[in-house]
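Q: Sharing a structure here in structure tokens format.
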Amino acid sequence: MLRNSFLSRWFSSQSCRLPTSLRTSRSSQPTSAAMSLPASSCPTLVSASAHSKASTKATTPDSQLTSRKEPRLRLPCDPVLSTQPASTGIGPRALAETLRPQSHMGQADIFRPYQPPKGVRGDGRTHLVMDSAAATNPGLLGWLRQAVAEGVAFPGYPRLAEMSQRAEYRHMVEVIAAEATREWITFRARGTADKKQRLADLERDFLRLNVRDVLRRMAEYDGYYGMGLLYVDTGQPRTGGALETPLLLRPETFRKGSLRALVPIEPVWTTPDQYDTTNPLSAEFYQPSRWWVQGGLLHSTRLLQFVSRPVPDLLKPAYNFGGLSLSQMARPAVDNWLRTRQSVSDLLNAFSIVALSTDMSAYAQDPEGLLSRVEAFNRFRSNRGTFVLDKDREKLELLAAPLAGLDRLQAQAQEQMCAVAQEPLVKFTGITPSGLNASADGEIRVFYDRVHAFQETFYRRNLTTILHMVMLNLWGEIDPDIDFTFVSLWQMDELARATLQKTRADIDAQNIRSGIITPTEARSRTAHDAGGQYAAVNLAGTPPAA
């Protein structure tokens with residue numbers, strides 16, 4: 001009754017403020033125009049029937065909206081009836097509404113291709129053709145329900161972007177991205193020719209292009225969204241179709257000084273244009289050859305794709321031809337951790353209860369007296385408070401829940417998140433192992449091996465392409481004798497480094513005496529050792545006589 005009277009008073013007050021032409025009688029059904037308010041004025045409470053049509057509302061003409069008989073109930077606030085026409089183009093609110101359906105997928109939409117926001121795909125172009133048999137096959141419906149329930153369906157970029165704000169997801173992604181680019185790479189040259197100048201030119205151009213930070217962001221995009229895209233800016237105009245042509249790494253097509261920048265792009269602004277789905281033997285089978293980037297068409301050679309966890313071919317269209325994000329993989333473990341953490345916090349907040357045993361019949365005629373007594377006790381309850389009891393008929397007890405083992409349960413829930421990311425607890429949380437002779441060196445070594453494998457699988461191919469682009473940009477040719485290697489994350493101390501240098505020198509001396517190598521070759525090896533003690537010495541030329 002209270003709620004109905006409140007709504008009646010509110011509707012009456014609001015109808016008085018409306019123009020005469022928009023007022024409705026009590027017996028008539030109010031129209032949408034009379035009930036609608038601007039979206040920015042207050043939150044919206046939509047009925048179940050209206051919520052079921054929210055997905056089709058964006059495409060419903062205005063004439064149909066005015067004739068709809070379902071009112072939209074809104075919170076009390078001053079209505080401001082806007083008569084301004086809808087603006088053309090797309091703003092932040094419209095973009096969010098366009099992306100929102102991706103976060104609430106139906107049970108039979110797991111194979112549905114990713115629908116990019118408005119403006120990503122150019123107008124007047126044909127869309128991808130998809131087979132709907134996977135969504136209508138009765139044999140797959142049970143599996144689809146289970147997949148959606150377990151969270152293995154693509155949640156959509158808006159939901160993944162929201163998850164990236166939580167510390168648990170951000171930490172596990174940033175740790176891998178930072179460790180993979182912390183020690184970075186070192187260039188090396190094979191052969192006897194002195195190429196120190198070329199190696200220095202490569203390092204300088206890598207700094208100009210900010211390659212290290214760009215690839216760190218690619219690892220972050222891969223962890224948050226399942227894919228990172230890197231645009232190679234060669235100065236070509238966006239209009240005219242020049243970006244639709246392949247970018248061939250040849251001196252004739254890649255001019256010197258044409259490499260301007262490497263631009264990271266989030267996958268939400270991209271979608272594939274065409275790919276092969278008929279011939280599994282083709283190199284373009286489920287591999288897009290061209291991409292849409294906010295209305296512009298680019299060839300795949302101009303947009304380097306970084307994916308560390310690719311999905312099967314059947315799921316690639318649903319994932320926008322990206323991969324499985326670390327956030328999506330860790331979501332069940334993070335949800336368990338958040339629930340466990342909150343449960344422990346709630347238990348600690350109310351783990352003890354004061355129980356008063358008394359004669360309840362004495363308060364049968366005066367229940368207010370009992371409530372006043374309990375309220376007074378709760379108000380003055382402290383170490384300096386006093387509670388008066390009847391020693392014959394009353395008894396005061398403190399009932400407390402056992403708290404033993406809660407720390408272990410909470411720690412295990414936290415370790416489950418580390419297991420998904422394959423990160424040691426000291427890297428993920430900064431918590432060092434406790435106990436006698438406890439050490440995390442073994443776990444850290446294993447983690448560094450995992451990061452090195454990630455570097456080889458995630459960075460090697462595209463980083464080699466970038467290296468060749470830089471060579472063409474600097475010299476107009478690709479030097480096959482120059483390569484790079486990832487610097488080991490496990491660093492030795494000064495004593496271990498000196499012992500290693502002495503061992504290498506002894507090996508070189510033994511090989512020279514055995515005739516395996518010459519002093520010149522040993523000198524060349526030392527000259528190209530960037531981490532050696534003679535790195536700052538010019539060892540070019542003939543070695544001195546013994």
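Labeling convention for the structure tokens: chains A, B, ... as they appear, residues from 1 per chain, ligands from 1 in order of appearance.
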Would you please give, as an MDAnalysis selection string, all residues of region 279-428 of chain A that DSSP assigns to helix (DSSP H, G or I) based on the backbone?

A: chainID A and resid 300:302 313:315 326:349 360:363 367:379 406:421 425:428

Q: Need the shell around region 264-277 of chain A: protein/DNA/RNA residues with any atom at most 7 Å away, counting only C-alpha atoms. Skip same-chain ones fewer than 6 positions apart. Format as a count of residues only?

A: 22

Q: DSSP on the backbone, then: every residue of region 267-434 of chain A marked strand (DSSP E), written as an MDAnalysis selection string.

A: chainID A and resid 270:274 290:293 296:299 303:306 352:357 395:400

Q: Hey, which of A:Leu314, A:Val211, A:Val307, A:Ile517 ends up closest to Phe454 (chain A)? Count only C-alpha atoms.

A: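 Going through A:Leu314, A:Val211, A:Val307, A:Ile517 one by one, the smallest distance to Phe454 (chain A) is for A:Val307.
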
Q: Using only C-alpha atoms, which residues sit within 6 Å of Ile482 (chain A) once same-chain residues fewer than 3 positions away are excluded, as a VMD selection string?

A: chain A and resid 188 to 189 479

Q: Write out the residues from the selection above, keeping N, CA and C atoms, as a PDB file, in the first residue's frame.

A:
ATOM      1  N   ARG A 188      72.557  -9.297 -32.404  1.00  0.00           N
ATOM      2  CA  ARG A 188      73.814 -10.007 -32.595  1.00  0.00           C
ATOM      3  C   ARG A 188      74.055 -10.193 -34.090  1.00  0.00           C
ATOM      4  N   ALA A 189      75.330 -10.277 -34.439  1.00  0.00           N
ATOM      5  CA  ALA A 189      75.728 -10.430 -35.842  1.00  0.00           C
ATOM      6  C   ALA A 189      76.583 -11.675 -35.995  1.00  0.00           C
ATOM      7  N   ASP A 479      69.660  -7.420 -43.845  1.00  0.00           N
ATOM      8  CA  ASP A 479      70.942  -8.061 -43.547  1.00  0.00           C
ATOM      9  C   ASP A 479      70.657  -9.415 -42.902  1.00  0.00           C
TER      10      ASP A 479
END

Q: Which residue is closest to Tyr448 (chain A)? Choose from A:Thr465, A:Thr429, A:Gln422, A:Asn336 and count only C-alpha atoms.

A: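 Among the listed residues, the smallest separation from Tyr448 (chain A) belongs to A:Gln422.
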
Q: Return the single residue from A:Lys427, A:Gln236, A:Leu315, A:Phe351 that is closest to Arg255 (chain A), with distances computed using only C-alpha atoms.

A: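 Of the candidates, the smallest distance to Arg255 (chain A) is held by A:Gln236.
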
Q: When you count only C-alpha atoms, which of these residues is closest to Glu477 (chain A): A:Ser372, A:Ser352, A:Gln165, A:Thr253?

A: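 Ranked by minimum distance to Glu477 (chain A), first place goes to A:Thr253.
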
Q: What does the structure give for the distance between CA of Tyr114 (chain A) and CA of Ala177 (chain A), in Å to one decimal?

A: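 Computing it gives 26.2 Å between the two atoms.
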
Q: Hey, what's within 10 Å of Leu406 (chain A) if we count only C-alpha atoms and toss same-chain stuff fewer than 6 positions away? As a PyMOL selection string, please?

A: chain A and resi 340-341+343-344+347-348+412
